[in-house]
>>> print(open('start-v9.txt').read())   # compact mmCIF, N, CA and C atoms
# COMPACT_ATOMS: atom_id res chain seq x y z
N MET A 1 44.79 -3.90 -6.36
CA MET A 1 43.53 -3.18 -6.35
C MET A 1 43.86 -1.68 -6.27
N SER A 2 43.20 -0.91 -7.12
CA SER A 2 43.42 0.54 -7.13
C SER A 2 42.74 1.18 -5.92
N ARG A 3 43.07 2.40 -5.64
CA ARG A 3 42.43 3.12 -4.53
C ARG A 3 40.94 3.30 -4.79
N PHE A 4 40.60 3.56 -6.05
CA PHE A 4 39.18 3.72 -6.39
C PHE A 4 38.43 2.42 -6.13
N ASP A 5 38.98 1.29 -6.58
CA ASP A 5 38.34 -0.01 -6.35
C ASP A 5 38.20 -0.30 -4.85
N ALA A 6 39.22 0.06 -4.08
CA ALA A 6 39.14 -0.14 -2.63
C ALA A 6 38.07 0.76 -2.02
N PHE A 7 37.95 1.98 -2.55
CA PHE A 7 36.97 2.93 -2.04
C PHE A 7 35.53 2.47 -2.29
N VAL A 8 35.26 1.92 -3.48
CA VAL A 8 33.89 1.53 -3.84
C VAL A 8 33.60 0.06 -3.57
N LYS A 9 34.53 -0.64 -2.95
CA LYS A 9 34.32 -2.06 -2.66
C LYS A 9 33.08 -2.22 -1.76
N GLY A 10 32.19 -3.10 -2.17
CA GLY A 10 30.99 -3.37 -1.40
C GLY A 10 29.82 -2.46 -1.73
N TRP A 11 30.04 -1.46 -2.56
CA TRP A 11 28.93 -0.58 -2.95
C TRP A 11 28.03 -1.29 -3.94
N SER A 12 26.77 -1.00 -3.86
CA SER A 12 25.82 -1.50 -4.86
C SER A 12 24.74 -0.45 -5.06
N PHE A 13 24.10 -0.50 -6.18
CA PHE A 13 23.03 0.44 -6.47
C PHE A 13 21.69 -0.23 -6.22
N ARG A 14 20.79 0.55 -5.71
CA ARG A 14 19.43 0.07 -5.45
C ARG A 14 18.66 0.08 -6.77
N THR A 15 17.88 -0.95 -7.00
CA THR A 15 17.09 -1.02 -8.22
C THR A 15 15.85 -0.14 -8.10
N ASN A 16 15.33 0.32 -9.22
CA ASN A 16 14.09 1.09 -9.19
C ASN A 16 12.88 0.19 -9.42
N ARG A 17 13.11 -1.11 -9.53
CA ARG A 17 12.03 -2.08 -9.69
C ARG A 17 12.26 -3.25 -8.74
N PRO A 18 12.07 -3.02 -7.43
CA PRO A 18 12.35 -4.09 -6.47
C PRO A 18 11.39 -5.27 -6.62
N ASP A 19 11.90 -6.45 -6.32
CA ASP A 19 11.11 -7.68 -6.30
C ASP A 19 10.79 -8.03 -4.86
N PHE A 20 9.64 -8.66 -4.65
CA PHE A 20 9.24 -9.09 -3.32
C PHE A 20 8.80 -10.54 -3.38
N GLU A 21 9.15 -11.28 -2.37
CA GLU A 21 8.71 -12.67 -2.23
C GLU A 21 7.38 -12.68 -1.49
N PRO A 22 6.44 -13.55 -1.88
CA PRO A 22 5.20 -13.67 -1.11
C PRO A 22 5.50 -13.99 0.35
N GLY A 23 4.79 -13.34 1.24
CA GLY A 23 4.99 -13.50 2.67
C GLY A 23 5.89 -12.44 3.28
N THR A 24 6.59 -11.68 2.44
CA THR A 24 7.46 -10.62 2.92
C THR A 24 6.63 -9.49 3.51
N GLU A 25 7.04 -8.98 4.67
CA GLU A 25 6.35 -7.83 5.28
C GLU A 25 7.19 -6.59 5.03
N ILE A 26 6.54 -5.54 4.51
CA ILE A 26 7.23 -4.30 4.19
C ILE A 26 6.44 -3.11 4.74
N THR A 27 7.09 -1.97 4.80
CA THR A 27 6.44 -0.72 5.16
C THR A 27 6.40 0.14 3.91
N ALA A 28 5.22 0.72 3.61
CA ALA A 28 5.07 1.54 2.41
C ALA A 28 3.98 2.57 2.63
N PHE A 29 3.98 3.59 1.79
CA PHE A 29 2.89 4.56 1.78
C PHE A 29 1.88 4.16 0.72
N VAL A 30 0.60 4.24 1.06
CA VAL A 30 -0.46 4.06 0.08
C VAL A 30 -0.50 5.37 -0.71
N THR A 31 -0.27 5.27 -2.02
CA THR A 31 -0.09 6.48 -2.83
C THR A 31 -1.31 6.90 -3.61
N GLY A 32 -2.32 6.06 -3.70
CA GLY A 32 -3.51 6.46 -4.46
C GLY A 32 -4.50 5.33 -4.57
N ARG A 33 -5.48 5.58 -5.46
CA ARG A 33 -6.51 4.57 -5.72
C ARG A 33 -6.51 4.25 -7.21
N GLN A 34 -6.85 3.01 -7.51
CA GLN A 34 -6.93 2.58 -8.90
C GLN A 34 -7.92 1.44 -8.99
N ASN A 35 -8.86 1.54 -9.91
CA ASN A 35 -9.87 0.50 -10.13
C ASN A 35 -10.62 0.14 -8.85
N GLY A 36 -10.95 1.13 -8.06
CA GLY A 36 -11.75 0.91 -6.86
C GLY A 36 -10.99 0.43 -5.65
N GLY A 37 -9.69 0.24 -5.76
CA GLY A 37 -8.89 -0.21 -4.63
C GLY A 37 -7.70 0.71 -4.41
N TYR A 38 -6.89 0.38 -3.44
CA TYR A 38 -5.71 1.18 -3.12
C TYR A 38 -4.47 0.62 -3.81
N ILE A 39 -3.47 1.50 -4.02
CA ILE A 39 -2.19 1.06 -4.56
C ILE A 39 -1.06 1.67 -3.74
N ALA A 40 0.03 0.95 -3.67
CA ALA A 40 1.27 1.44 -3.06
C ALA A 40 2.34 1.30 -4.12
N ARG A 41 3.08 2.36 -4.33
CA ARG A 41 4.17 2.34 -5.31
C ARG A 41 5.50 2.36 -4.57
N ILE A 42 6.34 1.42 -4.91
CA ILE A 42 7.70 1.38 -4.41
C ILE A 42 8.57 1.51 -5.65
N ASP A 43 9.02 2.74 -5.91
CA ASP A 43 9.68 3.09 -7.17
C ASP A 43 8.74 2.73 -8.32
N ASP A 44 9.18 1.87 -9.25
CA ASP A 44 8.33 1.51 -10.40
C ASP A 44 7.50 0.25 -10.14
N THR A 45 7.59 -0.30 -8.96
CA THR A 45 6.80 -1.47 -8.59
C THR A 45 5.47 -1.00 -8.00
N VAL A 46 4.38 -1.66 -8.42
CA VAL A 46 3.05 -1.28 -7.96
C VAL A 46 2.41 -2.48 -7.25
N LEU A 47 1.96 -2.24 -6.02
CA LEU A 47 1.24 -3.27 -5.26
C LEU A 47 -0.19 -2.83 -5.06
N ARG A 48 -1.14 -3.70 -5.43
CA ARG A 48 -2.54 -3.46 -5.09
C ARG A 48 -2.68 -3.79 -3.61
N VAL A 49 -3.27 -2.88 -2.86
CA VAL A 49 -3.35 -3.02 -1.42
C VAL A 49 -4.77 -3.38 -1.03
N GLU A 50 -4.91 -4.48 -0.31
CA GLU A 50 -6.19 -4.91 0.22
C GLU A 50 -6.23 -4.60 1.69
N GLU A 51 -7.25 -3.88 2.10
CA GLU A 51 -7.37 -3.46 3.48
C GLU A 51 -8.10 -4.51 4.29
N THR A 52 -7.60 -4.76 5.51
CA THR A 52 -8.29 -5.62 6.45
C THR A 52 -9.00 -4.74 7.45
N ASP A 53 -9.90 -5.31 8.21
CA ASP A 53 -10.57 -4.55 9.26
C ASP A 53 -9.57 -4.25 10.36
N THR A 54 -9.54 -2.98 10.80
CA THR A 54 -8.61 -2.58 11.85
C THR A 54 -9.38 -1.91 12.97
N ASP A 55 -8.83 -1.99 14.17
CA ASP A 55 -9.45 -1.32 15.30
C ASP A 55 -8.89 0.09 15.43
N ALA A 56 -9.26 0.81 16.47
CA ALA A 56 -8.86 2.21 16.65
C ALA A 56 -7.35 2.38 16.78
N ASP A 57 -6.64 1.35 17.25
CA ASP A 57 -5.20 1.44 17.41
C ASP A 57 -4.45 1.18 16.12
N GLY A 58 -5.18 0.80 15.04
CA GLY A 58 -4.53 0.50 13.78
C GLY A 58 -4.14 -0.95 13.63
N ASP A 59 -4.43 -1.78 14.65
CA ASP A 59 -4.11 -3.20 14.57
C ASP A 59 -5.25 -3.94 13.88
N VAL A 60 -4.93 -5.08 13.28
CA VAL A 60 -5.93 -5.88 12.60
C VAL A 60 -6.94 -6.38 13.63
N ASP A 61 -8.22 -6.21 13.31
CA ASP A 61 -9.30 -6.63 14.19
C ASP A 61 -10.03 -7.78 13.52
N ASP A 62 -9.76 -9.00 13.97
CA ASP A 62 -10.36 -10.18 13.36
C ASP A 62 -11.86 -10.30 13.62
N ASN A 63 -12.37 -9.59 14.61
CA ASN A 63 -13.79 -9.69 14.95
C ASN A 63 -14.61 -8.54 14.37
N ALA A 64 -14.05 -7.72 13.51
CA ALA A 64 -14.76 -6.57 12.98
C ALA A 64 -15.86 -7.01 12.02
N ASP A 65 -16.93 -6.25 11.97
CA ASP A 65 -18.04 -6.50 11.07
C ASP A 65 -17.65 -6.03 9.68
N SER A 66 -17.77 -6.88 8.68
CA SER A 66 -17.33 -6.53 7.34
C SER A 66 -18.47 -6.12 6.42
N ASP A 67 -19.70 -6.00 6.95
CA ASP A 67 -20.82 -5.59 6.11
C ASP A 67 -20.66 -4.16 5.67
N VAL A 68 -21.08 -3.87 4.44
CA VAL A 68 -21.04 -2.51 3.91
C VAL A 68 -22.48 -2.04 3.79
N ASP A 69 -22.81 -0.91 4.41
CA ASP A 69 -24.16 -0.40 4.30
C ASP A 69 -24.21 0.72 3.28
N ALA A 70 -25.39 1.25 3.01
CA ALA A 70 -25.58 2.26 1.97
C ALA A 70 -24.82 3.54 2.27
N ASP A 71 -24.61 3.86 3.55
CA ASP A 71 -23.92 5.11 3.89
C ASP A 71 -22.43 5.04 3.65
N THR A 72 -21.86 3.85 3.62
CA THR A 72 -20.41 3.72 3.47
C THR A 72 -20.02 2.98 2.20
N ALA A 73 -20.97 2.69 1.32
CA ALA A 73 -20.65 1.98 0.09
C ALA A 73 -19.79 2.84 -0.81
N PRO A 74 -18.89 2.24 -1.57
CA PRO A 74 -18.05 3.01 -2.47
C PRO A 74 -18.86 3.68 -3.57
N VAL A 75 -18.37 4.81 -4.01
CA VAL A 75 -19.02 5.54 -5.09
C VAL A 75 -18.36 5.13 -6.39
N ALA A 76 -19.14 4.89 -7.42
CA ALA A 76 -18.58 4.50 -8.71
C ALA A 76 -17.78 5.64 -9.31
N GLY A 77 -16.68 5.33 -9.91
CA GLY A 77 -15.84 6.33 -10.55
C GLY A 77 -15.33 5.81 -11.87
N ASN A 78 -14.35 6.49 -12.43
CA ASN A 78 -13.81 6.06 -13.71
C ASN A 78 -12.78 4.94 -13.55
N GLY A 79 -12.50 4.52 -12.32
CA GLY A 79 -11.59 3.42 -12.08
C GLY A 79 -10.13 3.83 -11.96
N ASP A 80 -9.83 5.09 -12.21
CA ASP A 80 -8.46 5.56 -12.11
C ASP A 80 -8.44 6.80 -11.25
N ASP A 81 -8.32 6.61 -9.94
CA ASP A 81 -8.40 7.71 -8.99
C ASP A 81 -7.04 8.02 -8.40
N ARG A 82 -5.97 7.78 -9.14
CA ARG A 82 -4.62 7.99 -8.63
C ARG A 82 -4.43 9.42 -8.17
N GLY A 83 -3.85 9.52 -6.98
CA GLY A 83 -3.44 10.82 -6.48
C GLY A 83 -4.57 11.69 -5.98
N ARG A 84 -5.81 11.26 -6.06
CA ARG A 84 -6.91 12.09 -5.59
C ARG A 84 -6.98 12.02 -4.09
N LYS A 85 -6.87 13.15 -3.45
CA LYS A 85 -6.90 13.21 -1.99
C LYS A 85 -8.32 13.00 -1.51
N ALA A 86 -8.44 12.42 -0.33
CA ALA A 86 -9.75 12.19 0.26
C ALA A 86 -10.31 13.49 0.80
N GLU A 87 -11.58 13.69 0.61
CA GLU A 87 -12.27 14.82 1.23
C GLU A 87 -12.42 14.50 2.71
N SER A 88 -12.64 15.52 3.51
CA SER A 88 -12.81 15.33 4.94
C SER A 88 -13.96 14.37 5.20
N GLY A 89 -13.69 13.31 5.95
CA GLY A 89 -14.72 12.35 6.28
C GLY A 89 -14.99 11.32 5.20
N GLN A 90 -14.27 11.37 4.08
CA GLN A 90 -14.50 10.41 3.01
C GLN A 90 -14.12 9.02 3.48
N ARG A 91 -14.91 8.06 3.10
CA ARG A 91 -14.67 6.68 3.52
C ARG A 91 -13.87 5.94 2.47
N SER A 92 -13.27 4.86 2.90
CA SER A 92 -12.46 4.04 2.00
C SER A 92 -13.36 3.34 1.00
N PRO A 93 -12.79 2.92 -0.16
CA PRO A 93 -13.58 2.18 -1.14
C PRO A 93 -14.10 0.87 -0.57
N GLY A 94 -13.47 0.33 0.46
CA GLY A 94 -13.87 -0.95 1.02
C GLY A 94 -14.93 -0.87 2.09
N GLY A 95 -15.30 0.32 2.52
CA GLY A 95 -16.32 0.38 3.55
C GLY A 95 -16.17 1.55 4.47
N GLY A 96 -16.51 1.33 5.75
CA GLY A 96 -16.67 2.40 6.70
C GLY A 96 -15.43 2.92 7.38
N ARG A 97 -14.24 2.53 6.99
CA ARG A 97 -13.02 3.01 7.62
C ARG A 97 -12.50 4.24 6.90
N PRO A 98 -11.69 5.06 7.56
CA PRO A 98 -11.12 6.24 6.91
C PRO A 98 -10.24 5.86 5.72
N ASP A 99 -10.11 6.78 4.79
CA ASP A 99 -9.33 6.58 3.58
C ASP A 99 -7.87 6.28 3.90
N LEU A 100 -7.24 5.41 3.12
CA LEU A 100 -5.84 5.01 3.33
C LEU A 100 -4.84 5.83 2.53
N VAL A 101 -5.29 6.65 1.57
CA VAL A 101 -4.37 7.40 0.73
C VAL A 101 -3.48 8.28 1.60
N ASP A 102 -2.20 8.29 1.32
CA ASP A 102 -1.16 9.03 2.06
C ASP A 102 -0.96 8.51 3.48
N THR A 103 -1.28 7.25 3.71
CA THR A 103 -1.08 6.62 5.01
C THR A 103 0.06 5.62 4.90
N GLN A 104 0.96 5.65 5.87
CA GLN A 104 2.02 4.66 5.92
C GLN A 104 1.47 3.40 6.57
N VAL A 105 1.69 2.26 5.92
CA VAL A 105 1.16 0.99 6.41
C VAL A 105 2.26 -0.07 6.41
N ARG A 106 2.05 -1.06 7.26
CA ARG A 106 2.87 -2.28 7.22
C ARG A 106 2.00 -3.29 6.49
N LEU A 107 2.54 -3.89 5.45
CA LEU A 107 1.74 -4.85 4.69
C LEU A 107 2.53 -6.10 4.38
N ARG A 108 1.77 -7.17 4.11
CA ARG A 108 2.36 -8.45 3.74
C ARG A 108 2.11 -8.67 2.26
N VAL A 109 3.15 -8.98 1.50
CA VAL A 109 3.03 -9.25 0.08
C VAL A 109 2.39 -10.63 -0.07
N GLU A 110 1.25 -10.67 -0.75
CA GLU A 110 0.52 -11.93 -0.93
C GLU A 110 0.95 -12.65 -2.20
N ASP A 111 1.08 -11.91 -3.30
CA ASP A 111 1.61 -12.47 -4.54
C ASP A 111 2.35 -11.38 -5.29
N PHE A 112 3.28 -11.81 -6.17
CA PHE A 112 4.11 -10.84 -6.88
C PHE A 112 4.54 -11.41 -8.21
N ASP A 113 4.43 -10.61 -9.27
CA ASP A 113 4.88 -10.97 -10.60
C ASP A 113 6.17 -10.21 -10.89
N SER A 114 7.30 -10.90 -10.88
CA SER A 114 8.58 -10.22 -11.05
C SER A 114 8.82 -9.77 -12.50
N ASN A 115 8.04 -10.27 -13.45
CA ASN A 115 8.17 -9.81 -14.84
C ASN A 115 7.53 -8.43 -15.02
N ASP A 116 6.33 -8.25 -14.44
CA ASP A 116 5.62 -6.98 -14.57
C ASP A 116 5.88 -6.04 -13.40
N HIS A 117 6.51 -6.54 -12.36
CA HIS A 117 6.76 -5.78 -11.13
C HIS A 117 5.45 -5.25 -10.54
N THR A 118 4.48 -6.13 -10.46
CA THR A 118 3.20 -5.82 -9.84
C THR A 118 2.87 -6.93 -8.86
N GLY A 119 2.03 -6.60 -7.90
CA GLY A 119 1.66 -7.61 -6.92
C GLY A 119 0.48 -7.16 -6.09
N ARG A 120 0.22 -7.94 -5.06
CA ARG A 120 -0.91 -7.69 -4.17
C ARG A 120 -0.42 -7.83 -2.75
N GLY A 121 -0.85 -6.91 -1.88
CA GLY A 121 -0.47 -6.96 -0.48
C GLY A 121 -1.67 -6.70 0.42
N THR A 122 -1.58 -7.17 1.64
CA THR A 122 -2.64 -6.99 2.63
C THR A 122 -2.12 -6.13 3.77
N VAL A 123 -2.91 -5.12 4.15
CA VAL A 123 -2.53 -4.24 5.24
C VAL A 123 -2.55 -5.01 6.55
N LEU A 124 -1.45 -4.94 7.28
CA LEU A 124 -1.37 -5.56 8.60
C LEU A 124 -1.58 -4.51 9.70
N GLU A 125 -1.12 -3.29 9.44
CA GLU A 125 -1.20 -2.25 10.46
C GLU A 125 -1.07 -0.88 9.80
N ARG A 126 -1.86 0.07 10.27
CA ARG A 126 -1.70 1.47 9.87
C ARG A 126 -0.66 2.08 10.79
N LEU A 127 0.36 2.68 10.20
CA LEU A 127 1.43 3.26 11.01
C LEU A 127 1.26 4.75 11.19
N GLY A 128 0.46 5.37 10.38
CA GLY A 128 0.24 6.81 10.51
C GLY A 128 0.16 7.46 9.15
N SER A 129 -0.21 8.71 9.17
CA SER A 129 -0.28 9.46 7.91
C SER A 129 0.69 10.59 7.96
N GLY A 130 0.98 11.13 6.82
CA GLY A 130 1.91 12.24 6.77
C GLY A 130 2.54 12.36 5.42
N GLY A 131 3.54 13.19 5.35
CA GLY A 131 4.22 13.42 4.08
C GLY A 131 5.22 12.35 3.78
N PHE A 132 5.65 12.35 2.57
CA PHE A 132 6.64 11.38 2.14
C PHE A 132 7.97 11.86 2.62
>>> encode(input="start-v9.txt", output="structure tokens")
Amino acid sequence: MSRFDAFVKGWSFRTNRPDFEPGTEITAFVTGRQNGGYIARIDDTVLRVEETDTDADGDVDDNADSDVDADTAPVAGNGDDRGRKAESGQRSPGGGRPDLVDTQVRLRVEDFDSNDHTGRGTVLERLGSGGF
């Protein structure tokens, strides 16, 4: 074995299109909105993010009221709201909770298509907001 081979032994490159198994829990940033919902991009992989009801601590609240009233109903758009920052006090497309864009979340992958590198995930916990 050459010195170079010994030096790079065990190295591997990370893919830009990661695959996820259903049930896998990951941490990701919600990067924007698309077609009335949220999306998280992990390199070239796109996950549609479904928000669950959460309490003030960011934990899932199974007893939360899921009704949407006229004051918190989503506003119709062109369906492609990628990268648009929320205005102060803007509500999420799903109802009365604050917007998830630019928020780090822990989510569970519900389904995943490894051919298209797209899938769907459910928010388990809001971890905070901030920069990438």
>>> atom_distance(input="start-v9.txt", atom1="atom CA of Gln104 of chain A", atom2="atom CA of Gln34 of chain A")
17.4 Å
>>> atom_distance(input="start-v9.txt", atom1="atom CA of His117 of chain A", atom2="atom CA of Thr45 of chain A")
5.0 Å
>>> atom_distance(input="start-v9.txt", atom1="atom C of Glu110 of chain A", atom2="atom CA of Gly23 of chain A")
6.4 Å
